[in-house]
>>> print(open('upload.cif').read())   # mmCIF, C-alpha atoms and all ligand atoms
data_protein
#
loop_
_atom_site.label_atom_id
_atom_site.label_comp_id
_atom_site.auth_asym_id
_atom_site.auth_seq_id
_atom_site.Cartn_x
_atom_site.Cartn_y
_atom_site.Cartn_z
CA MET A 5 -11.25 6.13 -12.29
CA LYS A 6 -9.97 7.63 -9.06
CA LYS A 7 -7.44 5.42 -7.29
CA ILE A 8 -5.69 5.44 -3.91
CA ILE A 9 -1.92 5.64 -4.35
CA CYS A 10 0.40 4.95 -1.41
CA ILE A 11 3.92 6.34 -1.80
CA THR A 12 6.82 5.87 0.61
CA GLY A 13 9.64 8.41 0.60
CA ALA A 14 7.43 11.20 -0.76
CA SER A 15 9.31 14.07 0.89
CA SER A 16 11.81 14.41 -1.96
CA GLY A 17 12.94 13.26 -5.40
CA PHE A 18 11.00 10.53 -7.24
CA GLY A 19 8.42 10.10 -4.47
CA LYS A 20 7.50 13.77 -4.31
CA ALA A 21 7.33 14.20 -8.11
CA THR A 22 5.22 11.03 -8.39
CA ALA A 23 2.82 12.28 -5.71
CA GLU A 24 2.32 15.50 -7.65
CA LEU A 25 1.70 13.70 -10.96
CA PHE A 26 -0.89 11.32 -9.49
CA ALA A 27 -2.61 14.22 -7.73
CA LYS A 28 -2.66 16.18 -10.98
CA ASN A 29 -4.43 13.23 -12.56
CA GLY A 30 -7.11 13.26 -9.87
CA HIS A 31 -5.98 10.40 -7.60
CA ASP A 32 -6.04 10.34 -3.80
CA LEU A 33 -2.74 9.79 -2.00
CA ILE A 34 -1.22 8.35 1.14
CA ILE A 35 2.21 9.96 1.36
CA SER A 36 4.87 9.16 3.94
CA ALA A 37 8.47 9.80 4.95
CA ARG A 38 10.41 10.70 8.08
CA ARG A 39 10.46 14.47 7.42
CA ILE A 40 6.85 15.07 8.38
CA ASP A 41 7.09 18.85 7.92
CA ARG A 42 7.72 18.33 4.21
CA ILE A 43 5.02 15.65 3.97
CA ASN A 44 2.41 17.86 5.69
CA PHE A 45 3.30 20.78 3.45
CA LEU A 46 3.05 18.64 0.31
CA ALA A 47 -0.27 17.16 1.42
CA GLU A 48 -1.77 20.59 1.93
CA GLU A 49 -0.37 21.92 -1.33
CA LEU A 50 -1.55 18.99 -3.48
CA SER A 51 -5.00 18.69 -1.93
CA LYS A 52 -5.66 22.39 -2.48
CA LYS A 53 -4.14 22.60 -5.96
CA TYR A 54 -5.72 19.46 -7.41
CA ASN A 55 -8.79 18.98 -5.21
CA VAL A 56 -7.80 15.44 -4.16
CA LYS A 57 -7.59 13.81 -0.73
CA VAL A 58 -4.08 13.42 0.65
CA LEU A 59 -3.25 11.57 3.88
CA PRO A 60 0.17 12.52 5.27
CA ILE A 61 1.94 9.99 7.52
CA GLU A 62 5.22 10.31 9.41
CA LEU A 63 6.96 7.00 8.84
CA ASP A 64 10.41 5.50 9.12
CA VAL A 65 10.10 2.33 7.05
CA ARG A 66 12.88 0.72 9.13
CA ASN A 67 10.60 0.68 12.19
CA GLN A 68 8.51 -2.46 11.75
CA LEU A 69 6.11 -1.68 14.60
CA ALA A 70 5.56 1.86 13.34
CA VAL A 71 4.86 0.53 9.84
CA LYS A 72 2.40 -2.06 11.20
CA ASN A 73 0.58 0.55 13.30
CA ALA A 74 0.44 3.08 10.49
CA PHE A 75 -1.41 0.68 8.18
CA PHE A 76 -3.51 -0.89 10.95
CA ASN A 77 -4.70 2.57 11.99
CA LEU A 78 -5.66 3.70 8.49
CA PRO A 79 -9.33 4.71 8.29
CA GLU A 80 -11.25 1.92 6.47
CA ASN A 81 -11.81 4.00 3.33
CA TRP A 82 -8.04 4.53 3.02
CA LYS A 83 -7.31 0.78 3.15
CA LYS A 84 -8.44 0.33 -0.44
CA ILE A 85 -4.94 0.97 -1.75
CA ASP A 86 -4.79 0.47 -5.52
CA VAL A 87 -1.12 1.24 -6.05
CA LEU A 88 1.77 0.89 -3.59
CA ILE A 89 4.97 2.62 -4.64
CA ASN A 90 7.88 1.26 -2.58
CA ASN A 91 10.20 4.17 -3.24
CA ALA A 92 11.80 5.08 0.13
CA GLY A 93 15.47 4.30 -0.11
CA LEU A 94 18.99 5.58 -0.15
CA ALA A 95 22.66 5.01 -0.74
CA SER A 96 24.89 5.85 2.20
CA GLY A 97 28.60 6.12 1.46
CA LEU A 98 30.64 5.10 -1.58
CA ASP A 99 33.56 3.03 -0.35
CA LYS A 100 35.35 -0.14 -1.26
CA ILE A 101 34.05 -3.09 0.72
CA GLN A 102 37.20 -3.19 2.88
CA ASP A 103 36.63 0.46 3.89
CA GLY A 104 32.87 0.22 4.35
CA ASN A 105 31.12 1.69 7.35
CA ILE A 106 28.82 -0.67 9.25
CA ASP A 107 26.30 2.10 10.01
CA ASP A 108 26.06 2.88 6.28
CA TRP A 109 25.53 -0.81 5.51
CA ASP A 110 22.78 -1.11 8.15
CA ARG A 111 21.04 2.05 6.91
CA MET A 112 20.91 0.80 3.32
CA LEU A 113 19.85 -2.75 4.06
CA ASP A 114 17.34 -1.73 6.73
CA THR A 115 15.72 0.90 4.49
CA ASN A 116 15.97 -0.51 0.97
CA VAL A 117 15.30 -4.15 1.76
CA LYS A 118 13.67 -4.58 5.16
CA GLY A 119 11.67 -1.33 4.91
CA LEU A 120 10.25 -2.39 1.55
CA LEU A 121 9.33 -5.76 3.07
CA TYR A 122 7.69 -4.25 6.16
CA VAL A 123 5.48 -1.93 4.10
CA SER A 124 4.61 -4.65 1.58
CA LYS A 125 3.71 -7.05 4.42
CA GLU A 126 0.98 -4.64 5.56
CA VAL A 127 -0.37 -3.66 2.14
CA ILE A 128 -0.39 -7.06 0.41
CA PRO A 129 -3.25 -8.50 2.56
CA LEU A 130 -5.35 -5.41 1.75
CA MET A 131 -4.78 -6.07 -1.96
CA ILE A 132 -5.41 -9.81 -1.66
CA ALA A 133 -8.73 -9.07 0.04
CA ARG A 134 -9.76 -7.01 -3.00
CA GLN A 135 -8.15 -9.41 -5.51
CA LYS A 136 -6.41 -6.51 -7.19
CA GLY A 137 -3.63 -4.01 -6.77
CA HIS A 138 -0.33 -2.86 -8.22
CA ILE A 139 2.99 -2.86 -6.37
CA ILE A 140 5.74 -0.76 -7.89
CA ASN A 141 9.21 -1.31 -6.45
CA ILE A 142 11.91 1.24 -7.18
CA GLY A 143 15.05 -0.75 -7.91
CA SER A 144 18.08 0.62 -9.72
CA THR A 145 20.61 -0.14 -12.43
CA ALA A 146 22.68 -0.85 -9.28
CA GLY A 147 20.46 -3.92 -8.91
CA LYS A 148 21.39 -5.12 -12.39
CA GLU A 149 25.19 -4.64 -12.47
CA VAL A 150 27.63 -4.23 -9.59
CA TYR A 151 30.02 -1.30 -9.84
CA GLN A 152 33.17 -0.40 -7.90
CA LYS A 153 32.33 0.89 -4.39
CA GLY A 154 28.64 0.13 -4.98
CA ASN A 155 28.86 -3.16 -3.00
CA VAL A 156 26.14 -2.91 -0.30
CA TYR A 157 23.91 -0.44 -2.16
CA CYS A 158 24.06 -2.78 -5.16
CA ALA A 159 23.29 -5.75 -2.89
CA SER A 160 20.24 -3.94 -1.52
CA LYS A 161 18.95 -3.21 -5.04
CA TYR A 162 19.70 -6.78 -6.20
CA ALA A 163 17.44 -7.76 -3.31
CA VAL A 164 14.72 -5.43 -4.63
CA ASP A 165 15.14 -7.09 -8.04
CA ALA A 166 14.76 -10.57 -6.48
CA LEU A 167 11.84 -9.54 -4.28
CA SER A 168 10.02 -7.99 -7.25
CA LYS A 169 10.31 -11.27 -9.14
CA ALA A 170 9.29 -13.23 -6.05
CA MET A 171 6.26 -11.04 -5.36
CA ARG A 172 5.12 -11.43 -8.98
CA ILE A 173 5.23 -15.21 -8.64
CA ASP A 174 3.64 -15.46 -5.20
CA LEU A 175 0.88 -12.94 -5.92
CA LEU A 176 0.07 -14.31 -9.37
CA GLU A 177 -3.15 -16.00 -8.29
CA TYR A 178 -4.57 -12.76 -6.86
CA GLY A 179 -4.29 -10.64 -10.00
CA ILE A 180 -1.85 -8.26 -8.30
CA LYS A 181 0.58 -6.55 -10.68
CA VAL A 182 4.22 -6.20 -9.63
CA THR A 183 6.46 -3.78 -11.51
CA GLN A 184 10.09 -3.01 -10.85
CA ILE A 185 11.45 0.26 -12.21
CA ALA A 186 15.26 0.34 -12.30
CA PRO A 187 16.56 3.85 -13.03
CA GLY A 188 20.13 4.89 -13.68
CA GLY A 189 21.46 8.27 -12.56
CA ALA A 190 18.84 10.89 -11.76
CA GLU A 191 19.48 14.19 -10.03
CA THR A 192 17.55 14.32 -6.76
CA GLU A 193 18.79 14.48 -3.16
CA PHE A 194 20.13 10.95 -3.69
CA SER A 195 23.81 11.83 -4.16
CA GLU A 196 23.80 14.39 -1.38
CA VAL A 197 22.53 11.67 0.96
CA ARG A 198 25.06 9.18 -0.41
CA PHE A 199 27.91 11.64 0.29
CA HIS A 200 26.56 12.50 3.74
CA GLY A 201 25.62 16.07 2.84
CA ASP A 202 28.64 16.96 0.68
CA LYS A 203 26.92 19.06 -2.01
CA GLU A 204 30.05 19.49 -4.16
CA LYS A 205 30.71 15.76 -4.41
CA ALA A 206 27.04 15.20 -5.11
CA LYS A 207 26.95 17.76 -7.93
CA ALA A 208 30.09 16.27 -9.55
CA VAL A 209 28.29 12.96 -10.12
CA TYR A 210 26.29 14.63 -12.89
CA ASN A 211 29.15 16.61 -14.46
CA GLY A 212 29.11 16.76 -18.25
CA PHE A 213 25.86 14.97 -18.97
CA GLN A 214 22.16 15.49 -18.53
CA PRO A 215 20.91 13.07 -15.88
CA MET A 216 17.28 12.09 -15.57
CA SER A 217 15.04 14.18 -13.35
CA ALA A 218 12.53 13.18 -10.71
CA ASN A 219 9.76 14.21 -13.10
CA ASP A 220 11.10 11.83 -15.77
CA ILE A 221 10.79 8.92 -13.35
CA ALA A 222 7.37 10.08 -12.12
CA GLU A 223 6.06 10.01 -15.70
CA ILE A 224 7.37 6.46 -16.18
CA ILE A 225 5.88 5.27 -12.89
CA TYR A 226 2.57 6.88 -13.84
CA TYR A 227 2.63 5.29 -17.29
CA THR A 228 2.98 1.77 -15.83
CA THR A 229 -0.31 2.31 -13.96
CA THR A 230 -2.28 3.34 -17.05
CA LEU A 231 -2.19 0.03 -18.93
CA SER A 232 -5.18 -2.28 -19.35
CA SER A 233 -5.97 -4.48 -16.37
CA HIS A 234 -4.61 -7.58 -18.15
CA LEU A 235 -1.17 -6.00 -18.76
CA CYS A 236 1.79 -5.63 -16.42
CA ILE A 237 5.18 -4.07 -17.09
CA ASN A 238 7.36 -6.44 -15.10
CA ASP A 239 10.72 -4.78 -15.21
CA LEU A 240 11.77 -1.49 -16.70
CA VAL A 241 15.37 -0.23 -16.86
CA VAL A 242 15.64 3.46 -17.71
CA THR A 243 18.65 5.74 -18.07
CA SER A 244 19.52 9.11 -19.54
CA VAL A 245 20.54 8.85 -23.19
CA ALA A 246 24.09 9.71 -22.04
CA GLN A 247 24.29 6.60 -19.84
CA ALA A 248 24.65 3.16 -21.46
CA ASN A 249 24.93 1.24 -18.19
CA ASN A 250 26.68 1.68 -14.84
CA TYR A 251 30.10 1.96 -16.49
CA TYR A 252 29.72 3.97 -19.69
CA PHE A 253 28.68 7.63 -19.69
CA HIS A 254 29.07 10.14 -22.48
CA ARG A 255 30.32 13.28 -20.71
CA GLU A 256 30.95 16.48 -22.70
P1 LIG B 1 15.88 11.32 -2.51
O1 LIG B 1 16.97 11.31 -1.51
O2 LIG B 1 15.55 12.58 -3.20
O3 LIG B 1 14.54 10.74 -1.86
C1 LIG B 1 14.58 9.60 -1.02
C2 LIG B 1 13.27 9.50 -0.25
O4 LIG B 1 13.32 8.32 0.58
C3 LIG B 1 13.02 10.69 0.65
O5 LIG B 1 11.68 11.07 0.58
C4 LIG B 1 13.33 10.16 2.04
O6 LIG B 1 12.50 10.79 3.01
C5 LIG B 1 12.92 8.69 1.89
N1 LIG B 1 13.53 7.84 2.90
C6 LIG B 1 14.84 7.57 3.10
N2 LIG B 1 14.98 6.80 4.19
C7 LIG B 1 13.74 6.57 4.68
C8 LIG B 1 13.23 5.84 5.78
N3 LIG B 1 14.03 5.18 6.62
N4 LIG B 1 11.89 5.82 5.99
C9 LIG B 1 11.07 6.47 5.13
N5 LIG B 1 11.48 7.18 4.09
C10 LIG B 1 12.81 7.22 3.87
O7 LIG B 1 16.29 10.20 -3.57
P2 LIG B 1 15.53 9.60 -4.87
O8 LIG B 1 14.21 10.20 -5.06
O9 LIG B 1 16.50 9.64 -5.95
O10 LIG B 1 15.39 8.08 -4.40
C11 LIG B 1 14.17 7.38 -4.39
C12 LIG B 1 14.44 5.91 -4.65
O11 LIG B 1 15.01 5.77 -5.95
C13 LIG B 1 15.43 5.24 -3.71
O12 LIG B 1 14.96 3.93 -3.44
C14 LIG B 1 16.72 5.20 -4.50
O13 LIG B 1 17.56 4.14 -4.10
C15 LIG B 1 16.16 4.97 -5.89
N6 LIG B 1 17.02 5.32 -7.02
C16 LIG B 1 17.54 6.58 -7.17
C17 LIG B 1 18.30 6.87 -8.28
C18 LIG B 1 18.95 8.20 -8.48
O14 LIG B 1 19.95 8.29 -9.24
N7 LIG B 1 18.44 9.28 -7.89
C19 LIG B 1 18.52 5.88 -9.33
C20 LIG B 1 17.95 4.59 -9.07
C21 LIG B 1 17.21 4.35 -7.97
P3 LIG B 1 12.93 11.21 4.48
O15 LIG B 1 14.41 11.48 4.46
O16 LIG B 1 12.09 12.42 4.75
O17 LIG B 1 12.54 10.05 5.33
C1 LIG B 2 21.13 5.06 -8.09
C2 LIG B 2 21.92 5.05 -9.34
O1 LIG B 2 24.15 4.65 -10.38
O2 LIG B 2 24.17 5.67 -8.20
O3 LIG B 2 20.50 3.87 -7.83
O4 LIG B 2 23.65 3.36 -8.43
S1 LIG B 2 23.54 4.64 -9.04
#
>>> encode(input="upload.cif", output="structure tokens", more="lines below")
Ligand code: NDP
Ligand code: 8X3
Amino acid sequence: MKKIICITGASSGFGKATAELFAKNGHDLIISARRIDRINFLAEELSKKYNVKVLPIELDVRNQLAVKNAFFNLPENWKKIDVLINNAGLASGLDKIQDGNIDDWDRMLDTNVKGLLYVSKEVIPLMIARQKGHIINIGSTAGKEVYQKGNVYCASKYAVDALSKAMRIDLLEYGIKVTQIAPGGAETEFSEVRFHGDKEKAKAVYNGFQPMSANDIAEIIYYTTTLSSHLCINDLVVTSVAQANNYYFHRE
């Protein structure tokens, strides 16, 4: 059955790959991010290639009013969101806590925690009204174990972990599924953003092992939406086979 899938942070990485996979499987999409040129291009490409409807939205999830207006202004037929994928997020900087940059801290907490809350606040009532829906929050192994210099990024993903559990409890009576997916290292634009555009430093993160790809995560996200209506994957940690946890990697 055709569903409406709403994906934040669809201009790159996991979000973009997930948009393509859902489109390929015949679902309609609401895709958003700040880089609207990329979002418009993707919308046109996917709607033509897969004959699905795609609604592109320019959205900074940190802007609460913009988030509220974006969902309030959705045409009625687009408000029947079946799956919300809270994916927009980032790491900014990799410093010990004593050397941390306040702007980096604000960026991470405002995007990864408050942005996820702002979007969920608008979509949850639409799901409650229909007594169904599926919220997929993209956490991280950084939300399961703290690593050196991970401090605030880890804190933001621990918050995603807590909020995923909390949503599952609070939304229980409405039949709304809540899934957290917590990936380890995957090669996207993530590390380039973390190192403020330093491509060499970003590349070195994945030296000597095969990290996951955006497509790997897209397939896992997609899989969690294909289960029977009475089943919910609550929490799924996934890494490359060369990564045991945040500390142990097998590098050749
Ligand atoms: P990318 O940098 O490739 O993609 C991040 C996406 O988030 C982009 O589309 C970006 O769009 C969007 N985004 C960032 N800030 C905002 C904002 N303020 N408002 C709206 N959209 C925003 O990284 P990934 O695909 O790897 O990351 C996706 C998610 O996965 C993040 O939550 C990340 O923390 C998480 N993650 C990543 C892992 C990895 O190793 N890659 C592992 C575990 C979790 P734009 O800049 O156009 O706004
Ligand atoms: C991204 C993975 O290991 O850089 O969430 O924290 S890691």
>>> atom_distance(input="upload.cif", atom1="CA of Pro129 in chain A", atom2="CA of Phe76 in chain A")
11.3 Å
>>> residues_near_ligand(input="upload.cif", ligand="ligand LIG 1 (chain B)", cutoff="6 Å", atoms="only C-alpha atoms and all ligand atoms", output="ChimeraX atom specification")
/A:12-19,37-39,63-66,91-94,115,142-144,186-194
>>> residues_near_point(input="upload.cif", point="(0.9, -1.2, -15.8)", cutoff="12 Å", atoms="only C-alpha atoms", output="PyMOL selection string")
chain A and resi 86-87+137-140+180-185+224-240
>>> closest_residue(input="upload.cif", among="A:Asn105, A:Gln214, A:Asn250, A:Asn116", to="ligand LIG 2 (chain B)", atoms="all atoms listed in the file")
A:Asn250
>>> closest_residue(input="upload.cif", among="A:Ala74, A:Ala222, A:Val241, A:Ile106", to="ligand LIG 2 (chain B)", atoms="all atoms listed in the file")
A:Val241
>>> residues_around(input="upload.cif", residues="His254 in chain A", least_positions_apart="2", cutoff="9 Å", atoms="all atoms listed in the file", output="number ranges by chain")
A: 212-213, 245-248, 252, 256
>>> closest_residue(input="upload.cif", among="A:Thr243, A:Asn211, A:Gln152, A:Ala146", to="ligand LIG 2 (chain B)", atoms="all atoms listed in the file")
A:Ala146
>>> residues_near_point(input="upload.cif", point="(26.5, -2.8, -4.6)", cutoff="10 Å", atoms="all atoms listed in the file", output="tab-separated table (two decimals) with C-alpha atoms, in the coordinates of the input")
chain	number	residue	atom	x	y	z
A	95	ALA	CA	22.66	5.01	-0.74
A	98	LEU	CA	30.64	5.10	-1.58
A	100	LYS	CA	35.35	-0.14	-1.26
A	101	ILE	CA	34.05	-3.09	0.72
A	146	ALA	CA	22.68	-0.85	-9.28
A	147	GLY	CA	20.46	-3.92	-8.91
A	148	LYS	CA	21.39	-5.12	-12.39
A	149	GLU	CA	25.19	-4.64	-12.47
A	150	VAL	CA	27.63	-4.23	-9.59
A	151	TYR	CA	30.02	-1.30	-9.84
A	152	GLN	CA	33.17	-0.40	-7.90
A	153	LYS	CA	32.33	0.89	-4.39
A	154	GLY	CA	28.64	0.13	-4.98
A	155	ASN	CA	28.86	-3.16	-3.00
A	156	VAL	CA	26.14	-2.91	-0.30
A	157	TYR	CA	23.91	-0.44	-2.16
A	158	CYS	CA	24.06	-2.78	-5.16
A	159	ALA	CA	23.29	-5.75	-2.89
A	160	SER	CA	20.24	-3.94	-1.52
A	161	LYS	CA	18.95	-3.21	-5.04
A	162	TYR	CA	19.70	-6.78	-6.20
>>> residues_around(input="upload.cif", residues="Lys125 in chain A", least_positions_apart="3", cutoff="12 Å", atoms="all atoms listed in the file", output="list of chain:residue names")
A:Val65, A:Gln68, A:Leu69, A:Val71, A:Lys72, A:Phe75, A:Phe76, A:Leu88, A:Asn90, A:Lys118, A:Gly119, A:Leu120, A:Leu121, A:Tyr122, A:Ile128, A:Pro129, A:Leu130, A:Met131, A:Ile132, A:Ile139, A:Met171
>>> atom_distance(input="upload.cif", atom1="CA of Ile11 in chain A", atom2="CA of Arg172 in chain A")
19.2 Å
>>> closest_residue(input="upload.cif", among="A:Phe199, A:Asn73, A:Ser217, A:Leu59", to="Asp99 in chain A", atoms="only C-alpha atoms")
A:Phe199
>>> closest_residue(input="upload.cif", among="A:Asp107, A:Glu126, A:Glu196, A:Asp174", to="ligand LIG 2 (chain B)", atoms="only C-alpha atoms and all ligand atoms")
A:Glu196
>>> closest_residue(input="upload.cif", among="A:Gly201, A:Pro79, A:Gly97, A:Gly179", to="ligand LIG 2 (chain B)", atoms="all atoms listed in the file")
A:Gly97
>>> residues_around(input="upload.cif", residues="Gly30 in chain A", least_positions_apart="2", cutoff="12 Å", atoms="only C-alpha atoms", output="list in words")
Met5, Lys6, Lys7, Ile8, Ile9, Ala23, Glu24, Leu25, Phe26, Ala27, Lys28, Asp32, Leu33, Leu50, Ser51, Lys52, Lys53, Tyr54, Asn55, Val56, Lys57 and Val58 of chain A
>>> atom_distance(input="upload.cif", atom1="CA of Ser96 in chain A", atom2="CA of Ala218 in chain A")
19.3 Å
>>> axis_aligned_box(input="upload.cif", around="range 230-244 of chain A", padding_each_side="4 Å", output="lines of an AutoDock Vina configuration file")
center_x = 6.8
center_y = 0.8
center_z = -17.3
size_x = 33.5
size_y = 24.7
size_z = 12.4
>>> build_atoms(input="upload.cif", residues="range 83-112 of chain A", atoms="N, CA and C atoms", output="PDB file, in the frame of the given file")
ATOM      1  N   LYS A  83      -7.970   2.100   3.272  1.00  0.00           N
ATOM      2  CA  LYS A  83      -7.310   0.780   3.150  1.00  0.00           C
ATOM      3  C   LYS A  83      -7.448   0.193   1.752  1.00  0.00           C
ATOM      4  N   LYS A  84      -8.257   0.852   0.932  1.00  0.00           N
ATOM      5  CA  LYS A  84      -8.440   0.330  -0.440  1.00  0.00           C
ATOM      6  C   LYS A  84      -7.323   0.865  -1.344  1.00  0.00           C
ATOM      7  N   ILE A  85      -6.107   0.461  -1.010  1.00  0.00           N
ATOM      8  CA  ILE A  85      -4.940   0.970  -1.750  1.00  0.00           C
ATOM      9  C   ILE A  85      -4.856   0.259  -3.103  1.00  0.00           C
ATOM     10  N   ASP A  86      -4.872   1.045  -4.168  1.00  0.00           N
ATOM     11  CA  ASP A  86      -4.790   0.470  -5.520  1.00  0.00           C
ATOM     12  C   ASP A  86      -3.340   0.300  -5.959  1.00  0.00           C
ATOM     13  N   VAL A  87      -2.515   1.280  -5.604  1.00  0.00           N
ATOM     14  CA  VAL A  87      -1.120   1.240  -6.050  1.00  0.00           C
ATOM     15  C   VAL A  87      -0.202   1.547  -4.861  1.00  0.00           C
ATOM     16  N   LEU A  88       0.737   0.637  -4.607  1.00  0.00           N
ATOM     17  CA  LEU A  88       1.770   0.890  -3.590  1.00  0.00           C
ATOM     18  C   LEU A  88       3.078   1.164  -4.307  1.00  0.00           C
ATOM     19  N   ILE A  89       3.675   2.305  -4.026  1.00  0.00           N
ATOM     20  CA  ILE A  89       4.970   2.620  -4.640  1.00  0.00           C
ATOM     21  C   ILE A  89       6.044   2.559  -3.549  1.00  0.00           C
ATOM     22  N   ASN A  90       6.784   1.458  -3.541  1.00  0.00           N
ATOM     23  CA  ASN A  90       7.880   1.260  -2.580  1.00  0.00           C
ATOM     24  C   ASN A  90       9.095   2.011  -3.092  1.00  0.00           C
ATOM     25  N   ASN A  91       9.181   3.271  -2.690  1.00  0.00           N
ATOM     26  CA  ASN A  91      10.200   4.170  -3.240  1.00  0.00           C
ATOM     27  C   ASN A  91      11.245   4.575  -2.196  1.00  0.00           C
ATOM     28  N   ALA A  92      10.862   4.614  -0.907  1.00  0.00           N
ATOM     29  CA  ALA A  92      11.800   5.080   0.130  1.00  0.00           C
ATOM     30  C   ALA A  92      13.097   4.293   0.036  1.00  0.00           C
ATOM     31  N   GLY A  93      14.198   5.005  -0.014  1.00  0.00           N
ATOM     32  CA  GLY A  93      15.470   4.300  -0.110  1.00  0.00           C
ATOM     33  C   GLY A  93      16.615   5.265  -0.211  1.00  0.00           C
ATOM     34  N   LEU A  94      17.811   4.713  -0.114  1.00  0.00           N
ATOM     35  CA  LEU A  94      18.990   5.580  -0.150  1.00  0.00           C
ATOM     36  C   LEU A  94      20.261   4.779  -0.351  1.00  0.00           C
ATOM     37  N   ALA A  95      21.292   5.516  -0.805  1.00  0.00           N
ATOM     38  CA  ALA A  95      22.660   5.010  -0.740  1.00  0.00           C
ATOM     39  C   ALA A  95      23.331   5.807   0.363  1.00  0.00           C
ATOM     40  N   SER A  96      24.172   5.158   1.134  1.00  0.00           N
ATOM     41  CA  SER A  96      24.890   5.850   2.200  1.00  0.00           C
ATOM     42  C   SER A  96      26.352   5.446   2.106  1.00  0.00           C
ATOM     43  N   GLY A  97      27.181   6.410   1.648  1.00  0.00           N
ATOM     44  CA  GLY A  97      28.600   6.120   1.460  1.00  0.00           C
ATOM     45  C   GLY A  97      28.892   5.534   0.092  1.00  0.00           C
ATOM     46  N   LEU A  98      30.151   5.685  -0.322  1.00  0.00           N
ATOM     47  CA  LEU A  98      30.640   5.100  -1.580  1.00  0.00           C
ATOM     48  C   LEU A  98      32.087   4.700  -1.310  1.00  0.00           C
ATOM     49  N   ASP A  99      32.236   3.501  -0.782  1.00  0.00           N
ATOM     50  CA  ASP A  99      33.560   3.030  -0.350  1.00  0.00           C
ATOM     51  C   ASP A  99      33.791   1.609  -0.831  1.00  0.00           C
ATOM     52  N   LYS A 100      35.057   1.262  -0.969  1.00  0.00           N
ATOM     53  CA  LYS A 100      35.350  -0.140  -1.260  1.00  0.00           C
ATOM     54  C   LYS A 100      34.903  -0.980  -0.061  1.00  0.00           C
ATOM     55  N   ILE A 101      34.625  -2.230  -0.330  1.00  0.00           N
ATOM     56  CA  ILE A 101      34.050  -3.090   0.720  1.00  0.00           C
ATOM     57  C   ILE A 101      34.944  -3.125   1.964  1.00  0.00           C
ATOM     58  N   GLN A 102      36.268  -3.106   1.744  1.00  0.00           N
ATOM     59  CA  GLN A 102      37.200  -3.190   2.880  1.00  0.00           C
ATOM     60  C   GLN A 102      37.204  -1.913   3.729  1.00  0.00           C
ATOM     61  N   ASP A 103      36.674  -0.820   3.158  1.00  0.00           N
ATOM     62  CA  ASP A 103      36.630   0.460   3.890  1.00  0.00           C
ATOM     63  C   ASP A 103      35.218   0.805   4.349  1.00  0.00           C
ATOM     64  N   GLY A 104      34.288  -0.075   4.103  1.00  0.00           N
ATOM     65  CA  GLY A 104      32.870   0.220   4.350  1.00  0.00           C
ATOM     66  C   GLY A 104      32.567   0.496   5.817  1.00  0.00           C
ATOM     67  N   ASN A 105      31.542   1.306   6.012  1.00  0.00           N
ATOM     68  CA  ASN A 105      31.120   1.690   7.350  1.00  0.00           C
ATOM     69  C   ASN A 105      29.864   0.881   7.716  1.00  0.00           C
ATOM     70  N   ILE A 106      29.913   0.239   8.867  1.00  0.00           N
ATOM     71  CA  ILE A 106      28.820  -0.670   9.250  1.00  0.00           C
ATOM     72  C   ILE A 106      27.489   0.088   9.370  1.00  0.00           C
ATOM     73  N   ASP A 107      27.544   1.323   9.880  1.00  0.00           N
ATOM     74  CA  ASP A 107      26.300   2.100  10.010  1.00  0.00           C
ATOM     75  C   ASP A 107      25.680   2.370   8.642  1.00  0.00           C
ATOM     76  N   ASP A 108      26.560   2.685   7.652  1.00  0.00           N
ATOM     77  CA  ASP A 108      26.060   2.880   6.280  1.00  0.00           C
ATOM     78  C   ASP A 108      25.404   1.595   5.765  1.00  0.00           C
ATOM     79  N   TRP A 109      26.065   0.476   5.996  1.00  0.00           N
ATOM     80  CA  TRP A 109      25.530  -0.810   5.510  1.00  0.00           C
ATOM     81  C   TRP A 109      24.152  -1.071   6.136  1.00  0.00           C
ATOM     82  N   ASP A 110      24.059  -0.850   7.456  1.00  0.00           N
ATOM     83  CA  ASP A 110      22.780  -1.110   8.150  1.00  0.00           C
ATOM     84  C   ASP A 110      21.680  -0.198   7.593  1.00  0.00           C
ATOM     85  N   ARG A 111      22.031   1.076   7.419  1.00  0.00           N
ATOM     86  CA  ARG A 111      21.040   2.050   6.910  1.00  0.00           C
ATOM     87  C   ARG A 111      20.471   1.598   5.574  1.00  0.00           C
ATOM     88  N   MET A 112      21.366   1.175   4.672  1.00  0.00           N
ATOM     89  CA  MET A 112      20.910   0.800   3.320  1.00  0.00           C
ATOM     90  C   MET A 112      20.091  -0.487   3.342  1.00  0.00           C
TER      91      MET A 112
END
